[in-house]
>>> print(open('input_11.tsv').read())   # TSV, C-alpha atoms
chain	number	residue	atom	x	y	z
T	1	MET	CA	-5.14	21.40	25.36
T	2	SER	CA	-6.36	24.84	24.34
T	3	SER	CA	-9.53	24.98	22.27
T	4	ASN	CA	-8.48	28.18	20.48
T	5	THR	CA	-8.52	27.55	16.74
T	6	GLN	CA	-6.81	29.82	14.21
T	7	LYS	CA	-9.03	31.07	11.37
T	8	PHE	CA	-7.96	30.38	7.78
T	9	GLU	CA	-9.08	31.15	4.26
T	10	THR	CA	-9.22	27.46	3.38
T	11	GLN	CA	-7.85	26.70	-0.09
T	12	VAL	CA	-9.08	23.72	-2.12
T	13	LEU	CA	-6.38	22.72	-4.61
T	14	PRO	CA	-6.94	20.06	-7.31
T	15	VAL	CA	-4.58	17.13	-7.76
T	16	ASP	CA	-4.81	14.40	-10.39
T	17	PRO	CA	-4.08	10.93	-8.93
T	18	THR	CA	-3.65	9.45	-12.41
T	19	THR	CA	-0.51	11.54	-12.98
T	20	ILE	CA	1.27	10.19	-9.88
T	21	SER	CA	3.22	6.92	-9.80
T	22	PHE	CA	5.82	5.03	-7.76
T	23	ASP	CA	8.14	2.43	-9.26
T	24	SER	CA	9.34	-0.75	-7.54
T	25	ASN	CA	12.11	1.24	-5.82
T	26	ASP	CA	9.55	3.74	-4.41
T	27	THR	CA	10.77	6.49	-6.75
T	28	LEU	CA	8.06	9.11	-7.22
T	29	THR	CA	7.04	10.52	-10.63
T	30	ILE	CA	4.45	13.29	-11.12
T	31	SER	CA	3.71	14.11	-14.76
T	32	ASP	CA	1.26	16.97	-14.21
T	33	GLN	CA	2.91	20.24	-13.14
T	34	LYS	CA	-0.18	21.65	-11.38
T	35	THR	CA	-0.55	18.49	-9.33
T	36	LYS	CA	3.16	18.58	-8.48
T	37	THR	CA	3.03	22.25	-7.42
T	38	ASN	CA	-0.05	21.74	-5.23
T	39	LEU	CA	1.42	18.64	-3.60
T	40	GLU	CA	4.67	20.48	-2.88
T	41	GLN	CA	2.73	23.34	-1.29
T	42	ALA	CA	0.88	20.91	0.98
T	43	ALA	CA	4.06	18.99	1.82
T	44	LYS	CA	5.83	22.23	2.77
T	45	ILE	CA	3.05	23.10	5.22
T	46	ILE	CA	3.40	19.71	6.90
T	47	SER	CA	7.20	19.57	6.96
T	48	THR	CA	8.01	23.18	7.90
T	49	SER	CA	5.08	24.47	9.96
T	50	ASP	CA	2.73	23.49	12.77
T	51	GLN	CA	-0.30	23.49	10.46
T	52	VAL	CA	-2.25	20.63	8.89
T	53	VAL	CA	-3.75	19.80	5.50
T	54	ALA	CA	-6.55	17.52	4.30
T	55	PHE	CA	-5.86	14.98	1.56
T	56	PRO	CA	-7.49	11.95	-0.06
T	57	THR	CA	-6.68	8.36	0.78
T	58	GLU	CA	-8.26	5.23	-0.65
T	59	THR	CA	-10.36	4.83	2.52
T	60	VAL	CA	-11.57	8.35	3.42
T	61	TYR	CA	-10.06	11.86	3.37
T	62	GLY	CA	-7.43	12.39	6.07
T	63	LEU	CA	-6.41	15.45	8.09
T	64	GLY	CA	-2.63	15.33	8.31
T	65	GLY	CA	0.22	16.86	10.23
T	66	SER	CA	3.76	15.75	11.07
T	67	SER	CA	3.80	12.86	13.55
T	68	PHE	CA	7.04	14.35	14.91
T	69	ASN	CA	5.56	17.78	15.71
T	70	ASP	CA	3.59	18.20	18.95
T	71	GLU	CA	1.98	21.45	17.82
T	72	SER	CA	0.98	20.02	14.47
T	73	VAL	CA	-0.67	17.03	16.10
T	74	LYS	CA	-2.44	19.28	18.59
T	75	ASN	CA	-3.76	21.31	15.65
T	76	ILE	CA	-5.33	18.13	14.26
T	77	TYR	CA	-7.20	17.65	17.53
T	78	ARG	CA	-8.22	21.31	17.60
T	79	ALA	CA	-9.52	21.41	14.03
T	80	LYS	CA	-11.60	18.27	14.55
T	81	ASN	CA	-12.56	19.06	18.15
T	82	ARG	CA	-11.32	15.54	18.82
T	83	PRO	CA	-10.70	14.08	22.33
T	84	ALA	CA	-6.96	13.96	23.03
T	85	ASP	CA	-7.11	10.40	24.43
T	86	ASN	CA	-8.08	9.09	20.98
T	87	PRO	CA	-4.79	8.02	19.31
T	88	LEU	CA	-3.80	8.76	15.71
T	89	ILE	CA	-2.45	6.60	12.89
T	90	SER	CA	0.91	7.60	11.38
T	91	HIS	CA	1.09	7.21	7.60
T	92	ILE	CA	4.19	6.33	5.57
T	93	SER	CA	4.91	6.15	1.83
T	94	SER	CA	7.22	3.11	1.84
T	95	LYS	CA	8.14	0.21	4.15
T	96	SER	CA	11.75	1.47	4.23
T	97	GLN	CA	10.58	4.51	6.20
T	98	ILE	CA	9.70	2.41	9.26
T	99	PRO	CA	13.30	1.84	10.45
T	100	ARG	CA	14.31	5.34	9.30
T	101	PHE	CA	11.42	7.19	10.95
T	102	PHE	CA	10.77	4.99	13.99
T	103	ASN	CA	14.07	3.17	14.63
T	104	ILE	CA	12.39	-0.26	14.69
T	105	GLN	CA	11.93	-3.29	12.42
T	106	ILE	CA	8.57	-4.74	11.45
T	107	PRO	CA	7.80	-7.84	13.57
T	108	GLU	CA	7.63	-11.07	11.55
T	109	ILE	CA	3.98	-11.70	12.47
T	110	TYR	CA	2.97	-8.89	10.10
T	111	THR	CA	5.04	-10.03	7.09
T	112	ARG	CA	2.33	-11.93	5.23
T	113	LEU	CA	-0.28	-9.26	5.89
T	114	ILE	CA	1.76	-6.30	4.69
T	115	ASP	CA	3.04	-8.25	1.68
T	116	ALA	CA	-0.60	-8.75	0.69
T	117	PHE	CA	-2.25	-5.51	1.82
T	118	TRP	CA	0.40	-2.77	1.70
T	119	PRO	CA	0.02	-0.30	0.15
T	120	GLY	CA	-3.63	-0.42	1.22
T	121	PRO	CA	-6.27	-0.11	3.94
T	122	LEU	CA	-4.44	-2.03	6.69
T	123	THR	CA	-3.00	-0.45	9.85
T	124	ILE	CA	-0.65	-2.35	12.17
T	125	LEU	CA	0.41	-1.69	15.75
T	126	LEU	CA	4.15	-1.42	16.45
T	127	PRO	CA	6.17	-0.97	19.67
T	128	ILE	CA	7.48	2.50	20.44
T	129	ASP	CA	11.27	2.80	20.54
T	130	ASN	CA	12.75	4.45	23.65
T	131	ASP	CA	14.37	7.14	21.52
T	132	THR	CA	11.35	7.77	19.33
T	133	LYS	CA	10.74	11.15	17.71
T	134	LEU	CA	7.01	10.45	17.63
T	135	SER	CA	4.87	13.10	19.26
T	136	ARG	CA	3.38	11.75	22.46
T	137	TYR	CA	0.05	13.17	21.28
T	138	THR	CA	-0.16	10.56	18.50
T	139	THR	CA	-0.13	7.64	20.95
T	140	ALA	CA	-2.40	8.90	23.77
T	141	GLY	CA	0.06	7.53	26.32
T	142	GLN	CA	0.18	3.99	24.94
T	143	SER	CA	3.36	1.87	24.54
T	144	THR	CA	2.44	1.16	20.91
T	145	PHE	CA	1.66	3.27	17.85
T	146	ALA	CA	-0.36	2.63	14.70
T	147	VAL	CA	1.10	2.89	11.19
T	148	ARG	CA	-0.27	2.49	7.66
T	149	LEU	CA	1.06	2.62	4.11
T	150	PRO	CA	-1.84	3.99	2.00
T	151	SER	CA	-2.29	3.06	-1.64
T	152	HIS	CA	-3.81	6.35	-2.82
T	153	PRO	CA	-1.23	8.09	-5.05
T	154	VAL	CA	-1.93	11.54	-3.58
T	155	ALA	CA	-1.46	10.34	-0.01
T	156	ARG	CA	1.78	8.48	-0.82
T	157	ALA	CA	3.17	11.41	-2.79
T	158	LEU	CA	2.37	13.87	-0.02
T	159	ILE	CA	4.14	11.73	2.58
T	160	HIS	CA	7.10	11.17	0.25
T	161	LEU	CA	7.52	14.90	-0.43
T	162	ALA	CA	7.07	15.93	3.21
T	163	ASP	CA	9.56	13.21	4.25
T	164	VAL	CA	7.94	12.81	7.66
T	165	PRO	CA	5.31	10.36	8.88
T	166	ILE	CA	1.90	12.01	8.65
T	167	ALA	CA	-0.49	11.60	11.57
T	168	ALA	CA	-3.96	11.64	10.07
T	169	PRO	CA	-7.42	10.80	11.34
T	170	SER	CA	-10.42	11.26	9.07
T	171	ALA	CA	-10.82	14.90	7.97
T	172	ASN	CA	-14.23	15.52	9.51
T	173	ALA	CA	-15.50	17.26	12.60
T	174	SER	CA	-15.32	14.74	15.45
T	175	THR	CA	-18.36	12.35	15.62
T	176	ARG	CA	-19.54	13.32	12.09
T	177	PRO	CA	-19.62	10.84	9.16
T	178	SER	CA	-16.18	10.42	7.65
T	179	PRO	CA	-15.54	12.41	4.44
T	180	THR	CA	-15.17	10.70	1.08
T	181	LEU	CA	-15.06	13.92	-0.98
T	182	ALA	CA	-13.15	17.19	-0.63
T	183	SER	CA	-16.51	18.99	-0.39
T	184	HIS	CA	-17.30	16.99	2.77
T	185	VAL	CA	-14.05	18.20	4.32
T	186	TYR	CA	-14.75	21.79	3.31
T	187	HIS	CA	-18.22	21.61	4.89
T	188	ASP	CA	-16.80	20.48	8.25
T	189	LEU	CA	-13.44	22.23	8.43
T	190	LYS	CA	-13.76	25.44	6.37
T	191	GLY	CA	-11.82	28.19	8.16
T	192	LYS	CA	-10.15	25.70	10.51
T	193	ILE	CA	-7.38	24.44	8.19
T	194	PRO	CA	-5.31	26.18	5.50
T	195	LEU	CA	-5.51	23.64	2.66
T	196	ILE	CA	-7.49	20.74	1.19
T	197	LEU	CA	-6.10	18.64	-1.66
T	198	ASP	CA	-8.99	17.58	-3.90
T	199	GLY	CA	-8.20	14.21	-5.43
T	200	ASP	CA	-11.79	13.15	-6.15
T	201	TYR	CA	-13.63	10.30	-4.43
T	202	SER	CA	-12.23	7.93	-1.78
T	203	ASP	CA	-12.89	4.48	-3.22
T	204	VAL	CA	-13.12	2.17	-0.17
T	205	GLY	CA	-15.43	4.46	1.78
T	206	VAL	CA	-14.65	3.26	5.33
T	207	GLU	CA	-11.45	3.62	7.33
T	208	SER	CA	-8.60	1.11	7.44
T	209	THR	CA	-8.61	-2.17	9.32
T	210	VAL	CA	-6.42	-2.00	12.45
T	211	VAL	CA	-4.70	-5.14	13.74
T	212	ASP	CA	-2.52	-5.81	16.80
T	213	GLY	CA	-0.02	-8.61	16.21
T	214	LEU	CA	1.88	-7.74	19.40
T	215	SER	CA	-0.79	-9.31	21.63
T	216	ASN	CA	-1.35	-13.05	22.00
T	217	PRO	CA	-3.64	-14.03	20.41
T	218	PRO	CA	-3.55	-11.19	17.88
T	219	MET	CA	-6.47	-8.74	17.79
T	220	LEU	CA	-8.55	-7.05	15.14
T	221	LEU	CA	-9.06	-3.69	16.86
T	222	ARG	CA	-11.09	-1.94	14.14
T	223	PRO	CA	-12.69	-3.58	11.11
T	224	GLY	CA	-12.23	-1.72	7.86
T	225	GLY	CA	-11.08	-2.04	4.27
T	226	VAL	CA	-9.47	-5.48	4.81
T	227	SER	CA	-11.94	-8.07	6.10
T	228	LEU	CA	-11.52	-10.46	9.03
T	229	GLU	CA	-11.79	-13.35	6.57
T	230	GLN	CA	-8.91	-11.92	4.51
T	231	ILE	CA	-6.76	-11.49	7.64
T	232	LYS	CA	-7.27	-15.14	8.60
T	233	LEU	CA	-6.75	-16.44	5.07
T	234	VAL	CA	-3.58	-14.47	4.31
T	235	GLY	CA	-2.10	-14.35	7.82
T	236	GLY	CA	-1.74	-18.10	8.17
T	237	ASP	CA	-1.40	-19.94	11.48
T	238	ALA	CA	-0.30	-16.84	13.38
T	239	TRP	CA	-3.66	-15.18	12.70
T	240	LYS	CA	-6.05	-18.17	12.71
T	241	ASP	CA	-7.23	-17.37	16.26
T	242	VAL	CA	-7.41	-13.59	15.82
T	243	ARG	CA	-9.94	-12.03	18.16
T	244	VAL	CA	-12.23	-9.11	17.37
T	245	ALA	CA	-12.20	-6.27	19.90
T	246	LYS	CA	-15.50	-5.03	21.30
T	247	LYS	CA	-17.04	-2.24	19.25
T	248	VAL	CA	-16.86	0.51	21.89
T	249	ALA	CA	-14.35	0.80	24.73
T	250	ASP	CA	-15.49	1.73	28.24
T	251	GLU	CA	-15.43	5.41	29.15
T	252	ASN	CA	-12.19	5.26	31.18
T	253	GLU	CA	-10.53	2.47	29.19
T	254	PRO	CA	-7.36	3.47	27.28
T	255	VAL	CA	-7.48	2.55	23.59
T	256	LYS	CA	-4.67	1.63	21.19
T	257	THR	CA	-6.27	2.88	18.00
T	258	PRO	CA	-8.89	5.36	16.77
T	259	GLY	CA	-12.50	4.34	16.29
T	260	MET	CA	-12.79	2.34	19.54
T	261	LYS	CA	-14.17	5.08	21.75
T	262	TYR	CA	-16.87	7.75	21.74
T	263	LYS	CA	-19.79	8.31	19.40
T	264	HIS	CA	-18.73	8.17	15.76
T	265	TYR	CA	-19.91	8.59	12.21
T	266	SER	CA	-23.17	10.36	13.08
T	267	PRO	CA	-25.11	12.76	10.86
T	268	THR	CA	-27.30	15.43	12.44
T	269	ALA	CA	-30.33	13.27	11.65
T	270	LYS	CA	-31.23	10.42	13.98
T	271	VAL	CA	-30.06	7.08	12.55
T	272	VAL	CA	-32.17	3.94	13.07
T	273	LEU	CA	-30.56	0.62	12.16
T	274	VAL	CA	-33.18	-1.79	10.82
T	275	GLU	CA	-32.96	-5.59	10.81
T	276	LYS	CA	-36.50	-6.35	9.56
T	277	GLU	CA	-38.28	-4.07	7.08
T	278	ASP	CA	-41.74	-4.70	8.54
T	279	SER	CA	-40.64	-3.16	11.87
T	280	ILE	CA	-40.32	0.31	10.33
T	281	GLU	CA	-44.03	1.12	10.12
T	282	GLN	CA	-44.62	0.28	13.79
T	283	PHE	CA	-41.57	2.31	14.88
T	284	ILE	CA	-42.81	5.36	12.96
T	285	LYS	CA	-46.24	5.04	14.56
T	286	GLU	CA	-44.97	4.48	18.12
T	287	ASN	CA	-42.57	7.42	17.91
T	288	GLU	CA	-45.04	9.74	16.15
T	289	LEU	CA	-42.71	10.39	13.21
T	290	ASN	CA	-45.35	10.81	10.51
T	291	ASP	CA	-44.89	14.58	10.37
T	292	GLN	CA	-41.08	14.35	10.18
T	293	LYS	CA	-38.90	14.07	7.08
T	294	LEU	CA	-37.83	10.45	6.80
T	295	ALA	CA	-35.38	8.52	4.63
T	296	LEU	CA	-34.58	4.86	4.11
T	297	LEU	CA	-31.21	3.55	2.88
T	298	THR	CA	-31.57	0.02	1.54
T	299	THR	CA	-28.85	-2.57	1.01
T	300	GLU	CA	-29.40	-6.17	-0.06
T	301	HIS	CA	-33.06	-7.01	0.62
T	302	PHE	CA	-35.38	-4.11	1.53
T	303	LYS	CA	-37.69	-2.75	-1.17
T	304	GLY	CA	-39.04	0.41	0.49
T	305	ASP	CA	-42.24	0.27	-1.57
T	306	SER	CA	-44.49	1.57	1.22
T	307	PHE	CA	-41.95	3.75	3.03
T	308	PRO	CA	-43.33	7.28	3.67
T	309	GLY	CA	-40.26	9.23	2.62
T	310	ILE	CA	-37.05	9.24	0.60
T	311	VAL	CA	-35.78	5.81	-0.46
T	312	GLU	CA	-32.22	5.38	-1.75
T	313	SER	CA	-30.13	2.27	-2.38
T	314	LEU	CA	-26.63	2.01	-0.93
T	315	GLY	CA	-26.02	-0.80	-3.40
T	316	THR	CA	-26.65	-4.53	-3.55
T	317	THR	CA	-23.10	-5.62	-2.68
T	318	LYS	CA	-21.24	-4.90	0.53
T	319	GLU	CA	-18.47	-3.24	-1.43
T	320	GLN	CA	-21.01	-0.78	-2.84
T	321	VAL	CA	-22.59	-0.22	0.59
T	322	SER	CA	-19.19	0.47	2.13
T	323	ARG	CA	-18.31	2.96	-0.60
T	324	GLY	CA	-21.58	4.88	-0.37
T	325	LEU	CA	-22.48	4.80	3.33
T	326	PHE	CA	-20.87	8.01	4.59
T	327	LYS	CA	-21.69	9.85	1.36
T	328	TRP	CA	-25.40	9.12	1.73
T	329	LEU	CA	-25.53	9.96	5.45
T	330	ARG	CA	-24.10	13.37	4.58
T	331	ALA	CA	-26.33	13.84	1.52
T	332	LEU	CA	-29.49	13.19	3.53
T	333	ASP	CA	-28.33	15.63	6.19
T	334	GLU	CA	-28.07	18.27	3.47
T	335	GLN	CA	-31.71	17.52	2.60
T	336	ASN	CA	-32.69	18.23	6.24
T	337	VAL	CA	-33.92	14.70	6.87
T	338	ASP	CA	-34.95	14.14	10.50
T	339	VAL	CA	-34.64	10.35	10.75
T	340	ILE	CA	-32.60	8.00	8.55
T	341	PHE	CA	-33.50	4.30	8.58
T	342	VAL	CA	-30.67	2.05	7.34
T	343	GLU	CA	-30.99	-1.62	6.40
T	344	SER	CA	-28.47	-3.77	8.24
T	345	VAL	CA	-26.16	-6.30	6.58
T	346	ASP	CA	-24.68	-9.55	7.88
T	347	GLU	CA	-21.22	-9.24	9.41
T	348	THR	CA	-19.27	-11.40	6.96
T	349	ASP	CA	-16.56	-9.91	4.73
T	350	GLU	CA	-17.04	-6.10	4.39
T	351	GLY	CA	-20.17	-6.40	6.55
T	352	LEU	CA	-18.19	-6.36	9.79
T	353	ALA	CA	-16.80	-2.89	9.04
T	354	ILE	CA	-20.16	-1.61	7.76
T	355	MET	CA	-22.02	-2.75	10.88
T	356	ASN	CA	-19.25	-1.41	13.12
T	357	ARG	CA	-19.85	2.06	11.67
T	358	LEU	CA	-23.63	1.79	11.61
T	359	THR	CA	-24.00	0.62	15.20
T	360	LYS	CA	-21.89	3.59	16.33
T	361	ALA	CA	-23.89	6.03	14.19
T	362	ALA	CA	-27.31	4.65	15.15
T	363	SER	CA	-29.36	5.81	18.12
T	364	VAL	CA	-31.40	2.61	18.13
T	365	THR	CA	-31.63	-0.76	16.40
T	366	ILE	CA	-35.02	-2.25	15.50
>>> encode(input="input_11.tsv", output="structure tokens")
Amino acid sequence: MSSNTQKFETQVLPVDPTTISFDSNDTLTISDQKTKTNLEQAAKIISTSDQVVAFPTETVYGLGGSSFNDESVKNIYRAKNRPADNPLISHISSKSQIPRFFNIQIPEIYTRLIDAFWPGPLTILLPIDNDTKLSRYTTAGQSTFAVRLPSHPVARALIHLADVPIAAPSANASTRPSPTLASHVYHDLKGKIPLILDGDYSDVGVESTVVDGLSNPPMLLRPGGVSLEQIKLVGGDAWKDVRVAKKVADENEPVKTPGMKYKHYSPTAKVVLVEKEDSIEQFIKENELNDQKLALLTTEHFKGDSFPGIVESLGTTKEQVSRGLFKWLRALDEQNVDVIFVESVDETDEGLAIMNRLTKAASVTI
């Protein structure tokens, strides 16, 4: 795949999520004309050209192009500088689009999960039909593809208006922390994409949970906005023995979903994941970090009273930590911090997704 990237004057266009709604029949209403015009402009780019746009979802901002268009999907990889063997999730605006777009029905094993968590931060794996229109670049050569129905009004409206499935990874430069604000996207992708829809802050803060109900037993491939405990509780007997995939795939191992391969979520600063607060002082001394700019991000227990640098709280609940993690990693980068220490959390509920991201971002755990 060519690495040549077209240069753009990147536009940032505001959209108001509160003026967008869908009724029970998936009929779209947009009450604000400016929001409608900007969404239609973005949808036209996706549906009629090879270019891509960035847009908010409830998890993080996405970088989207038509899942049916090879050149559009390749432009996603180019803009992000993303490895082409890392598959993409296709996004839809209603369940009825699955048979229409992909010529398949949703397997029964997913029924309880999507009834509970769609629209929302859950991605499922589906089999690829022999006559699929899906770009082969979305699947990285796999026999399955990943699909999600987001709950964010801007994302759903954009997909509805474009009337194509939108392939969309997070809208950041590859390996960087995922973006939860339009300004994060602009920082990473300015000049590389034509348009960013600014719909304010992404509420969940980490990417979607990805599950594979086609394997036996079913697998949780990537933890995210829906917890393992929720999957087991809602999924019933079919999901009671769900297995969790290892955090990072081997170098030559094909993967079914994004987030399973390569270094991810890393700021420029070195990230140190900390299990015990009293280990920080010794680590600083052993690694001669006293003259460097240091920061500590606390979660549930650390105080940071004697820490020789910036101390910020990610929150005292896992929901708060999840929402603020990527934002704070980026904010500390902007302050030219050299080393960021982050307090770990236990891996129950949202903690599994938080620790999945932190262990991939961290250079070392102490």
>>> atom_distance(input="input_11.tsv", atom1="CA of Leu214 in chain T", atom2="CA of Ser174 in chain T")
28.6 Å
>>> axis_aligned_box(input="input_11.tsv", around="range 100-106 of chain T", padding_each_side="8 Å", output="lines of an AutoDock Vina configuration file")
center_x = 11.4
center_y = 1.2
center_z = 12.0
size_x = 21.7
size_y = 27.9
size_z = 21.4
>>> closest_residue(input="input_11.tsv", among="T:Thr180, T:Thr138, T:Ser151, T:Ser49", to="Ile20 in chain T", atoms="all atoms listed in the file")
T:Ser151
>>> atom_distance(input="input_11.tsv", atom1="CA of Asp163 in chain T", atom2="CA of Gln41 in chain T")
13.4 Å
>>> residues_around(input="input_11.tsv", residues="Asn130 in chain T", least_positions_apart="4", cutoff="12 Å", atoms="only C-alpha atoms", output="number ranges by chain")
T: 102-104, 134, 136, 143-144
>>> closest_residue(input="input_11.tsv", among="T:Arg112, T:Arg330, T:His184, T:Lys270", to="Gln230 in chain T", atoms="only C-alpha atoms")
T:Arg112
>>> residues_near_point(input="input_11.tsv", point="(0.3, -3.7, 0.1)", cutoff="10 Å", atoms="all atoms listed in the file", output="PyMOL selection string")
chain T and resi 94-95+112-122+148-151
>>> residues_around(input="input_11.tsv", residues="Glu40 in chain T", least_positions_apart="5", cutoff="8 Å", atoms="only C-alpha atoms", output="VMD selection string")
chain T and resid 158 161 to 162
>>> closest_residue(input="input_11.tsv", among="T:Ala362, T:Leu325, T:Ile159, T:Leu296", to="Val311 in chain T", atoms="only C-alpha atoms")
T:Leu296
>>> closest_residue(input="input_11.tsv", among="T:Gly309, T:Gly191, T:Gly141, T:Pro177", to="Leu358 in chain T", atoms="only C-alpha atoms")
T:Pro177
>>> build_atoms(input="input_11.tsv", residues="range 169-177 of chain T", atoms="all heavy atoms", output="PDB file, keeping the file's coordinate frame")
ATOM      1  N   PRO T 169      -6.089  11.392  11.209  1.00  0.00           N
ATOM      2  CA  PRO T 169      -7.420  10.800  11.340  1.00  0.00           C
ATOM      3  C   PRO T 169      -8.274  11.223  10.158  1.00  0.00           C
ATOM      4  O   PRO T 169      -7.803  11.934   9.261  1.00  0.00           O
ATOM      5  CB  PRO T 169      -7.929  11.432  12.641  1.00  0.00           C
ATOM      6  CG  PRO T 169      -7.319  12.804  12.613  1.00  0.00           C
ATOM      7  CD  PRO T 169      -5.955  12.637  11.968  1.00  0.00           C
ATOM      8  N   SER T 170      -9.517  10.810  10.127  1.00  0.00           N
ATOM      9  CA  SER T 170     -10.420  11.260   9.070  1.00  0.00           C
ATOM     10  C   SER T 170     -10.637  12.769   9.177  1.00  0.00           C
ATOM     11  O   SER T 170     -10.649  13.339  10.269  1.00  0.00           O
ATOM     12  CB  SER T 170     -11.758  10.527   9.146  1.00  0.00           C
ATOM     13  OG  SER T 170     -12.325  10.658  10.437  1.00  0.00           O
ATOM     14  N   ALA T 171     -10.795  13.434   8.030  1.00  0.00           N
ATOM     15  CA  ALA T 171     -10.820  14.900   7.970  1.00  0.00           C
ATOM     16  C   ALA T 171     -12.244  15.440   8.108  1.00  0.00           C
ATOM     17  O   ALA T 171     -12.746  16.192   7.276  1.00  0.00           O
ATOM     18  CB  ALA T 171     -10.200  15.382   6.664  1.00  0.00           C
ATOM     19  N   ASN T 172     -12.890  15.052   9.203  1.00  0.00           N
ATOM     20  CA  ASN T 172     -14.230  15.520   9.510  1.00  0.00           C
ATOM     21  C   ASN T 172     -14.260  16.095  10.913  1.00  0.00           C
ATOM     22  O   ASN T 172     -13.366  15.831  11.719  1.00  0.00           O
ATOM     23  CB  ASN T 172     -15.232  14.360   9.414  1.00  0.00           C
ATOM     24  CG  ASN T 172     -14.823  13.190  10.303  1.00  0.00           C
ATOM     25  OD1 ASN T 172     -13.732  12.630  10.131  1.00  0.00           O
ATOM     26  ND2 ASN T 172     -15.654  12.821  11.254  1.00  0.00           N
ATOM     27  N   ALA T 173     -15.288  16.866  11.215  1.00  0.00           N
ATOM     28  CA  ALA T 173     -15.500  17.260  12.600  1.00  0.00           C
ATOM     29  C   ALA T 173     -15.769  16.003  13.414  1.00  0.00           C
ATOM     30  O   ALA T 173     -16.456  15.083  12.964  1.00  0.00           O
ATOM     31  CB  ALA T 173     -16.676  18.229  12.697  1.00  0.00           C
ATOM     32  N   SER T 174     -15.219  15.931  14.622  1.00  0.00           N
ATOM     33  CA  SER T 174     -15.320  14.740  15.450  1.00  0.00           C
ATOM     34  C   SER T 174     -16.786  14.336  15.642  1.00  0.00           C
ATOM     35  O   SER T 174     -17.650  15.189  15.878  1.00  0.00           O
ATOM     36  CB  SER T 174     -14.672  14.983  16.805  1.00  0.00           C
ATOM     37  OG  SER T 174     -14.577  13.790  17.531  1.00  0.00           O
ATOM     38  N   THR T 175     -17.055  13.042  15.524  1.00  0.00           N
ATOM     39  CA  THR T 175     -18.360  12.350  15.620  1.00  0.00           C
ATOM     40  C   THR T 175     -19.162  12.400  14.327  1.00  0.00           C
ATOM     41  O   THR T 175     -20.128  11.663  14.169  1.00  0.00           O
ATOM     42  CB  THR T 175     -19.267  12.859  16.771  1.00  0.00           C
ATOM     43  OG1 THR T 175     -19.906  14.089  16.407  1.00  0.00           O
ATOM     44  CG2 THR T 175     -18.493  13.014  18.076  1.00  0.00           C
ATOM     45  N   ARG T 176     -18.789  13.219  13.350  1.00  0.00           N
ATOM     46  CA  ARG T 176     -19.540  13.320  12.090  1.00  0.00           C
ATOM     47  C   ARG T 176     -19.169  12.158  11.158  1.00  0.00           C
ATOM     48  O   ARG T 176     -18.131  11.514  11.330  1.00  0.00           O
ATOM     49  CB  ARG T 176     -19.216  14.657  11.399  1.00  0.00           C
ATOM     50  CG  ARG T 176     -19.712  15.873  12.155  1.00  0.00           C
ATOM     51  CD  ARG T 176     -21.153  16.158  11.819  1.00  0.00           C
ATOM     52  NE  ARG T 176     -21.296  16.502  10.408  1.00  0.00           N
ATOM     53  CZ  ARG T 176     -22.397  16.274   9.696  1.00  0.00           C
ATOM     54  NH1 ARG T 176     -23.431  15.692  10.263  1.00  0.00           N
ATOM     55  NH2 ARG T 176     -22.462  16.625   8.428  1.00  0.00           N
ATOM     56  N   PRO T 177     -19.992  11.873  10.144  1.00  0.00           N
ATOM     57  CA  PRO T 177     -19.620  10.840   9.160  1.00  0.00           C
ATOM     58  C   PRO T 177     -18.294  11.191   8.487  1.00  0.00           C
ATOM     59  O   PRO T 177     -18.025  12.359   8.184  1.00  0.00           O
ATOM     60  CB  PRO T 177     -20.771  10.887   8.152  1.00  0.00           C
ATOM     61  CG  PRO T 177     -21.927  11.455   8.914  1.00  0.00           C
ATOM     62  CD  PRO T 177     -21.328  12.441   9.861  1.00  0.00           C
TER      63      PRO T 177
END
